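K.L.:
File name structure_12.cif; file contents mmCIF, C-alpha atoms; full text below.
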```
data_final
loop_
_atom_site.label_atom_id
_atom_site.label_comp_id
_atom_site.auth_asym_id
_atom_site.auth_seq_id
_atom_site.Cartn_x
_atom_site.Cartn_y
_atom_site.Cartn_z
CA PHE A 19 -38.54 66.33 -67.01
CA GLU A 20 -41.01 66.78 -69.88
CA SER A 21 -39.90 70.43 -70.18
CA ALA A 22 -36.88 69.88 -72.37
CA GLY A 23 -36.19 73.60 -72.49
CA SER A 24 -35.41 73.65 -68.79
CA LEU A 25 -32.95 70.80 -68.96
CA PRO A 26 -29.24 71.61 -68.97
CA GLN A 27 -27.95 71.32 -72.51
CA LEU A 28 -25.01 69.21 -73.58
CA PRO A 29 -22.29 71.22 -75.29
CA LYS A 30 -21.85 70.72 -79.02
CA SER A 31 -18.63 68.73 -78.58
CA PRO A 32 -20.27 65.36 -77.71
CA LEU A 33 -22.52 65.53 -80.76
CA ARG A 34 -19.60 66.52 -82.98
CA LEU A 35 -17.51 63.66 -81.62
CA SER A 36 -20.34 61.18 -82.14
CA ARG A 37 -20.79 62.30 -85.76
CA MET A 38 -17.04 62.25 -86.29
CA LEU A 39 -16.75 58.67 -85.01
CA ASP A 40 -19.56 57.60 -87.35
CA SER A 41 -17.96 59.23 -90.38
CA THR A 42 -15.67 57.25 -92.66
CA ASP A 43 -13.84 60.49 -93.48
CA SER A 44 -12.70 61.18 -89.90
CA THR A 45 -9.01 61.05 -89.13
CA PRO A 46 -7.27 60.23 -85.83
CA ASP A 47 -5.83 63.75 -85.88
CA ALA A 48 -9.30 65.32 -86.06
CA ILE A 49 -10.66 63.12 -83.27
CA GLU A 50 -7.63 63.84 -81.11
CA GLY A 51 -8.02 67.57 -81.73
CA LEU A 52 -11.67 67.57 -80.68
CA VAL A 53 -10.90 65.68 -77.46
CA LEU A 54 -8.03 68.02 -76.65
CA SER A 55 -10.35 71.02 -77.05
CA ASP A 56 -12.16 69.89 -73.86
CA PRO A 57 -9.74 69.74 -70.87
CA GLY A 58 -12.22 67.90 -68.63
CA LEU A 59 -12.83 65.20 -71.21
CA THR A 60 -9.10 64.87 -71.89
CA ALA A 61 -8.37 64.28 -68.20
CA GLY A 62 -11.25 61.84 -67.80
CA LEU A 63 -10.27 59.73 -70.78
CA LEU A 64 -6.63 59.58 -69.72
CA ARG A 65 -7.72 58.41 -66.25
CA SER A 66 -10.03 55.76 -67.74
CA ALA A 67 -7.44 54.46 -70.18
CA SER A 68 -4.78 54.28 -67.45
CA SER A 69 -6.89 52.53 -64.85
CA VAL A 70 -6.64 48.92 -63.76
CA PHE A 71 -9.93 48.54 -65.60
CA HIS A 72 -7.98 48.46 -68.86
CA ALA A 73 -5.22 46.29 -67.40
CA ARG A 74 -2.54 48.86 -68.17
CA ARG A 75 0.85 48.42 -66.59
CA ARG A 76 1.71 52.08 -67.03
CA GLN A 77 -0.03 55.42 -67.27
CA VAL A 78 -1.50 56.52 -70.59
CA THR A 79 -0.10 60.00 -71.13
CA THR A 80 -1.43 61.09 -74.52
CA VAL A 81 -4.91 61.40 -76.01
CA ARG A 82 -3.78 59.49 -79.11
CA GLU A 83 -2.75 56.53 -76.96
CA ALA A 84 -6.01 56.73 -74.98
CA ILE A 85 -8.00 56.55 -78.21
CA MET A 86 -6.04 53.48 -79.28
CA VAL A 87 -6.57 51.80 -75.90
CA LEU A 88 -10.29 52.55 -75.75
CA GLY A 89 -11.32 52.20 -79.39
CA PHE A 90 -13.93 54.37 -81.10
CA ARG A 91 -16.99 52.63 -79.65
CA SER A 92 -15.79 52.89 -76.07
CA LEU A 93 -14.50 56.40 -76.68
CA ARG A 94 -17.98 57.54 -77.67
CA SER A 95 -19.69 56.00 -74.62
CA LEU A 96 -17.13 57.24 -72.11
CA ALA A 97 -16.99 60.73 -73.61
CA ILE A 98 -20.76 61.18 -73.45
CA ALA A 99 -20.89 59.76 -69.91
CA LEU A 100 -18.13 62.08 -68.67
CA TRP A 101 -19.62 65.14 -70.38
CA THR A 102 -23.08 64.44 -68.96
CA GLN A 103 -21.72 63.79 -65.47
CA SER A 104 -19.88 67.12 -65.52
CA LEU A 105 -23.05 68.86 -66.69
CA ILE A 106 -25.07 67.49 -63.76
CA ILE A 107 -22.36 68.38 -61.24
CA GLU A 108 -22.09 71.95 -62.49
CA ALA A 109 -25.85 72.53 -62.60
CA SER A 110 -26.87 70.98 -59.26
CA LYS A 111 -25.41 73.32 -56.63
CA LYS A 112 -28.67 74.58 -55.10
CA SER A 113 -29.62 71.52 -53.08
CA MET A 114 -28.27 68.87 -50.72
CA PHE A 115 -26.95 67.03 -53.78
CA ASP A 116 -23.37 65.90 -53.12
CA ALA A 117 -21.37 66.28 -56.33
CA GLY A 118 -18.36 64.47 -54.89
CA ARG A 119 -20.44 61.45 -53.99
CA PHE A 120 -22.07 61.51 -57.43
CA THR A 121 -18.63 61.30 -59.04
CA LYS A 122 -17.46 58.52 -56.72
CA ASN A 123 -20.71 56.59 -57.14
CA GLY A 124 -20.39 56.62 -60.93
CA SER A 125 -16.76 55.53 -60.75
CA PHE A 126 -17.43 52.69 -58.29
CA VAL A 127 -20.52 51.38 -60.10
CA GLY A 128 -18.91 51.60 -63.53
CA PHE A 129 -15.67 49.93 -62.49
CA LEU A 130 -17.29 47.13 -60.49
CA ALA A 131 -20.05 46.42 -63.02
CA SER A 132 -17.64 46.30 -65.96
CA ASN A 133 -15.32 43.88 -64.16
CA ILE A 134 -18.22 41.63 -63.17
CA PHE A 135 -19.37 41.76 -66.79
CA ARG A 136 -15.88 40.70 -67.91
CA GLU A 137 -15.95 37.80 -65.43
CA LYS A 138 -19.33 36.57 -66.67
CA GLY A 139 -18.68 37.09 -70.39
CA ALA A 140 -20.45 39.35 -72.86
CA ASN A 141 -23.16 36.79 -73.69
CA ALA A 142 -25.37 37.86 -76.63
CA SER A 143 -26.07 41.33 -75.27
CA GLY A 144 -23.91 43.15 -77.80
CA TRP A 145 -22.44 45.35 -75.05
CA SER A 146 -18.75 45.87 -74.36
CA ALA A 147 -17.24 46.13 -70.89
CA ASP A 148 -16.36 49.76 -71.67
CA GLU A 149 -20.02 50.53 -72.37
CA VAL A 150 -21.00 48.92 -69.08
CA TYR A 151 -18.45 51.20 -67.39
CA ALA A 152 -19.95 54.25 -69.11
CA GLY A 153 -23.43 53.12 -68.11
CA GLY A 154 -22.31 52.92 -64.50
CA VAL A 155 -21.03 56.50 -64.62
CA LEU A 156 -24.58 57.64 -65.47
CA SER A 157 -26.53 54.99 -63.56
CA ASN A 158 -27.88 57.64 -61.16
CA ILE A 159 -28.43 60.45 -63.66
CA SER A 160 -32.16 60.58 -62.86
CA ILE A 161 -31.35 61.58 -59.28
CA GLY A 162 -28.83 64.14 -60.54
CA LEU A 163 -31.37 65.68 -62.90
CA LEU A 164 -33.92 65.87 -60.10
CA ALA A 165 -31.43 67.95 -58.11
CA VAL A 166 -30.85 70.17 -61.15
CA LEU A 167 -34.48 70.79 -62.10
CA HIS A 168 -36.25 70.64 -58.73
CA PRO A 169 -33.74 71.16 -55.89
CA GLY A 170 -36.51 71.53 -53.30
CA THR A 171 -38.02 68.20 -54.32
CA PHE A 172 -34.60 66.57 -54.24
CA ASP A 173 -34.06 67.83 -50.69
CA ALA A 174 -37.45 66.46 -49.60
CA VAL A 175 -36.57 63.07 -51.10
CA TYR A 176 -33.14 63.21 -49.49
CA LEU A 177 -34.54 63.91 -46.01
CA LEU A 178 -37.23 61.23 -46.30
CA SER A 179 -34.61 58.71 -47.42
CA LYS A 180 -32.29 59.72 -44.59
CA ASP A 181 -35.00 59.30 -41.96
CA ASN A 182 -35.76 55.79 -43.22
CA GLN A 183 -32.22 54.77 -44.24
CA TRP A 184 -33.40 54.20 -47.80
CA SER A 185 -31.62 54.71 -51.07
CA LEU A 186 -32.57 57.96 -52.81
CA VAL A 187 -34.21 55.94 -55.58
CA LYS A 188 -36.47 54.23 -53.06
CA GLY A 189 -37.13 57.55 -51.33
CA PHE A 190 -38.39 59.07 -54.58
CA ASN A 191 -40.50 56.02 -55.40
CA GLU A 192 -42.08 56.02 -51.95
CA MET A 193 -42.77 59.77 -51.98
CA PHE A 194 -44.43 59.87 -55.40
CA ASP A 195 -45.69 56.29 -55.81
CA HIS A 196 -43.91 56.26 -59.17
CA GLU A 197 -40.56 54.92 -60.22
CA ILE A 198 -37.91 57.55 -60.96
CA ALA A 199 -36.94 55.28 -63.85
CA GLU A 200 -40.11 56.51 -65.59
CA LEU A 201 -38.62 60.01 -65.77
CA GLY A 202 -35.07 59.20 -66.79
CA PRO A 203 -35.67 58.17 -70.43
CA LEU A 204 -37.53 61.43 -71.09
CA ALA A 205 -34.49 63.33 -69.89
CA ALA A 206 -32.12 61.08 -71.85
CA GLN A 207 -34.06 61.82 -75.04
CA ALA A 208 -34.12 65.55 -74.33
CA LEU A 209 -30.36 65.51 -73.71
CA GLY A 210 -29.79 63.56 -76.89
CA LEU A 211 -28.06 60.63 -75.17
CA PRO A 212 -27.54 57.42 -77.20
CA GLU A 213 -30.04 54.58 -76.83
CA MET A 214 -27.65 52.61 -74.62
CA PHE A 215 -27.93 55.24 -71.90
CA GLU A 216 -31.72 55.31 -72.21
CA THR A 217 -31.69 51.56 -71.57
CA VAL A 218 -29.47 51.94 -68.50
CA ILE A 219 -31.55 54.77 -67.04
CA ALA A 220 -34.86 53.01 -67.65
CA HIS A 221 -33.88 49.49 -66.57
CA CYS A 222 -30.82 49.59 -64.30
CA ASP A 223 -33.01 49.32 -61.20
CA TYR A 224 -35.28 46.69 -62.79
CA PRO A 225 -33.22 44.66 -65.29
CA LEU A 226 -35.97 42.12 -65.96
CA GLY A 227 -37.72 44.78 -68.03
CA ALA A 228 -35.07 44.56 -70.78
CA MET A 229 -34.16 40.92 -71.26
CA ASP A 230 -32.12 41.58 -74.44
CA SER A 231 -29.66 43.49 -72.25
CA PHE A 232 -30.21 41.55 -69.05
CA ARG A 233 -26.59 40.56 -68.37
CA PRO A 234 -25.05 44.07 -68.52
CA LEU A 235 -28.05 45.53 -66.67
CA ALA A 236 -27.82 42.82 -64.00
CA CYS A 237 -24.13 43.66 -63.49
CA LEU A 238 -25.00 47.37 -63.21
CA ASN A 239 -27.89 46.71 -60.83
CA PHE A 240 -25.74 44.53 -58.59
CA ALA A 241 -22.88 47.05 -58.56
CA LYS A 242 -25.26 49.94 -57.89
CA ASN A 243 -26.73 48.13 -54.87
CA LEU A 244 -23.26 47.22 -53.61
CA ALA A 245 -22.24 50.87 -53.90
CA ASP A 246 -25.08 51.81 -51.54
CA GLU A 247 -24.03 49.07 -49.12
CA GLN A 248 -20.29 49.83 -49.32
CA GLY A 249 -20.54 53.58 -48.63
CA PHE A 250 -20.25 54.69 -52.27
CA GLY A 251 -23.91 55.50 -52.78
CA LEU A 252 -25.36 58.98 -53.29
CA SER A 253 -26.37 59.22 -49.64
CA ARG A 254 -24.14 59.60 -46.61
CA TRP A 255 -25.62 56.51 -44.96
CA ASP A 256 -25.17 52.84 -45.88
CA VAL A 257 -28.19 51.12 -47.39
CA PRO A 258 -28.75 47.38 -46.88
CA LEU A 259 -28.17 45.27 -49.98
CA SER A 260 -31.41 44.58 -51.87
CA VAL A 261 -31.00 42.57 -55.06
CA CYS A 262 -33.61 40.36 -56.73
CA GLY A 263 -32.98 36.64 -57.11
CA ALA A 264 -32.70 36.76 -60.91
CA VAL A 265 -29.85 39.29 -60.69
CA LEU A 266 -28.05 37.23 -58.05
CA ASP A 267 -28.37 34.13 -60.22
CA GLU A 268 -26.99 36.00 -63.24
CA VAL A 269 -24.02 37.46 -61.36
CA ASP A 270 -23.29 34.33 -59.29
CA LEU A 271 -19.72 35.09 -58.22
CA ASP A 272 -17.59 33.23 -55.71
CA GLU A 273 -17.63 35.14 -52.43
CA GLU A 274 -13.86 35.57 -52.27
CA ARG A 275 -13.70 36.71 -55.89
CA LEU A 276 -16.48 39.22 -55.27
CA LYS A 277 -14.62 40.60 -52.26
CA GLY A 278 -11.57 41.04 -54.46
CA LEU A 279 -13.54 42.90 -57.14
CA ILE A 280 -15.11 45.17 -54.52
CA ALA A 281 -11.67 45.94 -53.10
CA GLU A 282 -10.40 46.79 -56.60
CA ALA A 283 -13.38 49.05 -57.22
CA ARG A 284 -12.85 50.80 -53.91
CA LYS A 285 -9.15 51.33 -54.68
CA HIS A 286 -9.92 52.60 -58.18
CA THR A 287 -12.54 55.05 -56.91
CA LEU A 288 -10.40 56.48 -54.13
CA LEU A 289 -7.45 56.81 -56.50
CA HIS A 290 -9.34 58.57 -59.30
CA CYS A 291 -11.88 60.48 -57.20
CA PRO A 292 -10.03 62.22 -54.35
CA ALA A 293 -11.82 63.30 -51.20
CA ASN A 294 -12.65 66.75 -52.59
CA ALA A 295 -13.80 65.50 -55.99
CA ALA A 296 -16.71 67.50 -57.36
#
```
Just give me the structure as structure tokens.
P.N.:
Amino acid sequence: FESAGSLPQLPKSPLRLSRMLDSTDSTPDAIEGLVLSDPGLTAGLLRSASSVFHARRRQVTTVREAIMVLGFRSLRSLAIALWTQSLIIEASKKSMFDAGRFTKNGSFVGFLASNIFREKGANASGWSADEVYAGGVLSNISIGLLAVLHPGTFDAVYLLSKDNQWSLVKGFNEMFDHEIAELGPLAAQALGLPEMFETVIAHCDYPLGAMDSFRPLACLNFAKNLADEQGFGLSRWDVPLSVCGAVLDEVDLDEERLKGLIAEARKHTLLHCPANAA
């Protein structure tokens, strides 16, 4: 991951959009035009803006309306997450990496974590629910990049994890006696991802390492573990739930309410990520 030259490169559009959103001279027409120039981004943003996540009673059918629903801050986070996810999917076809599961995992984790975050309140973290959603989309980017850069290593991790019914994160950590979270921030910097994504990649699996963002990270960690348990993880096998006490205390949802949120996340994922999603 230290070899930035071997990393897949983000297209120029995300950087242009980020600069455009920061500029006081930008116009809605210019922002809309840039989004429309990328068909994949256009489709992804329309899906996100139309989802139950945004409490819409009807489909959002235009990019202009999607921008209004999301707002500039959320637009930036979701656009970068969707672009990066597509990059990983396209570049990781030489291993056992399952692109469809990667897409579903990001959708499930993002949707569930953002709704839990809404339930608990933003606290003093400075994060929005939309940013938590975007963080969930890329919560397993380190695994995706491993498949891109070292497909043979990914396959070895995959098989070890399968034999032991572990998550792929645990499989990597056990194989190398290092946390994959150590590698992710290097890749995030090389890809030019915003600091928020660096925080997610570095601390999603261990939220206690970033107490300033503990609430959103706790929601992401809990949702990521539930995805493994509920059949929406990166592996084809279910992984027993393993969440630290501090995260459970922070999330602290009524059992029936949690079941309802999981059901909503499952419905959202199956609706927006069909069986052949890739």
K.L.:
Going by the chain IDs and residue numbers used in this file, which residues fall under the PyMOL selection byres ((chain A and resi 61) around 12)? Write them as a list of chain:residue names.
P.N.:
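Taken on the displayed file, the PyMOL selection byres ((chain A and resi 61) around 12) yields the residues A:Val53, A:Leu54, A:Ser55, A:Asp56, A:Pro57, A:Gly58, A:Leu59, A:Thr60, A:Gly62, A:Leu63, A:Leu64, A:Arg65, A:Ser66, A:Ala67, A:Ser68, A:Val78, A:Thr79, A:Thr80, A:Val81, A:Ala84, A:Leu96, A:Ala97, A:Leu100, A:Trp101, A:His290.
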K.L.:
So, counting all atoms listed in the file, which residue among A:Glu108, A:Gly251, A:Ala264, A:Asp223 is closest to Asn239 (chain A)?
P.N.:
A:Asp223
K.L.:
Any chance you could work out the residue set of the PyMOL selection byres ((chain A and resi 183) around 9) here, as a VMD selection string?
P.N.:
chain A and resid 178 to 182 184 to 185 255 to 258
K.L.:
How many Å separate CA of Leu279 (chain A) from CA of Gly118 (chain A)?
P.N.:
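Atom-to-atom, CA of Leu279 (chain A) and CA of Gly118 (chain A) are spaced 22.2 Å apart.
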K.L.:
Name the residues that the PyMOL selection byres ((chain A and resi 162-177) around 7) picks from the file above, as a PyMOL selection string, using the file's chain letters and numbers.
P.N.:
chain A and resi 106+109-110+112-115+158-161+178-181+186+189-190
K.L.:
Can you list, as a tab-separated table (two decimals) with C-alpha atoms, in the frame of the given file, every protein, DNA or RNA residue that comes within 8 Å of region 44-46 of chain A when you count all atoms listed in the file, leaving out same-chain residues fewer than 5 positions away?
P.N.:
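That gives us selection.tsv:
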```tsv
chain	number	residue	atom	x	y	z
A	38	MET	CA	-17.04	62.25	-86.29
A	39	LEU	CA	-16.75	58.67	-85.01
A	82	ARG	CA	-3.78	59.49	-79.11
```
K.L.:
Suppose you want the space between CA of Leu271 (chain A) and CA of Lys122 (chain A); what is it in Å?
P.N.:
23.6 Å
K.L.:
Which distance in Å separates CA of Gly89 (chain A) and CA of Ser146 (chain A), to one decimal?
P.N.:
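Separating CA of Gly89 (chain A) from CA of Ser146 (chain A) is a distance of 11.0 Å.
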K.L.:
So which residues touch Tyr224 (chain A) within 9 Å, counting all atoms listed in the file, skipping near sequence neighbours fewer than 4 positions away, as JSON, numbers by chain?
P.N.:
{"A": [199, 220, 228, 235, 236, 239, 262]}
K.L.:
If you count all atoms listed in the file, which residues fall within 8 Å of Ala206 (chain A), apart from same-chain ones fewer than 5 positions away, as an MDAnalysis selection string?
P.N.:
chainID A and resid 211:212 215:216 219
K.L.:
Restricting the calculation to only C-alpha atoms: of A:Leu35, A:Leu238, A:Val265, A:Ala245, which residue gets closest to Leu226 (chain A)?
P.N.:
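Selected residue with least distance to Leu226 (chain A): A:Val265.
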K.L.:
Would you please work out which residue, of A:Arg233, A:Glu282, A:Leu204, A:Gly210, is nearest to Arg136 (chain A) when using all atoms listed in the file?
P.N.:
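Looking at the shortest contact to Arg136 (chain A), the residue is A:Arg233.
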K.L.:
Could you tell me which of A:Ile107, A:Leu130, A:Leu156, A:Ile85 comes closest to Lys277 (chain A) if we count all atoms listed in the file?
P.N.:
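Looking at the shortest contact to Lys277 (chain A), the residue is A:Leu130.
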K.L.:
Between A:Glu149, A:Asp40, A:Asp267, A:Asp246, which one has atoms that come closest to Phe135 (chain A), using all atoms listed in the file?
P.N.:
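Of A:Glu149, A:Asp40, A:Asp267, A:Asp246, the one nearest Phe135 (chain A) is A:Glu149, counting all atoms listed in the file.
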K.L.:
So for region 174-185 of chain A, what box centre and size do we get, axis-aligned, 5 Å extra on each of the six sides, every listed atom, Å to one decimal, as AutoDock Vina command-line options?
P.N.:
```
--center_x -34.5 --center_y 60.3 --center_z -46.5 --size_x 15.8 --size_y 22.3 --size_z 19.1
```
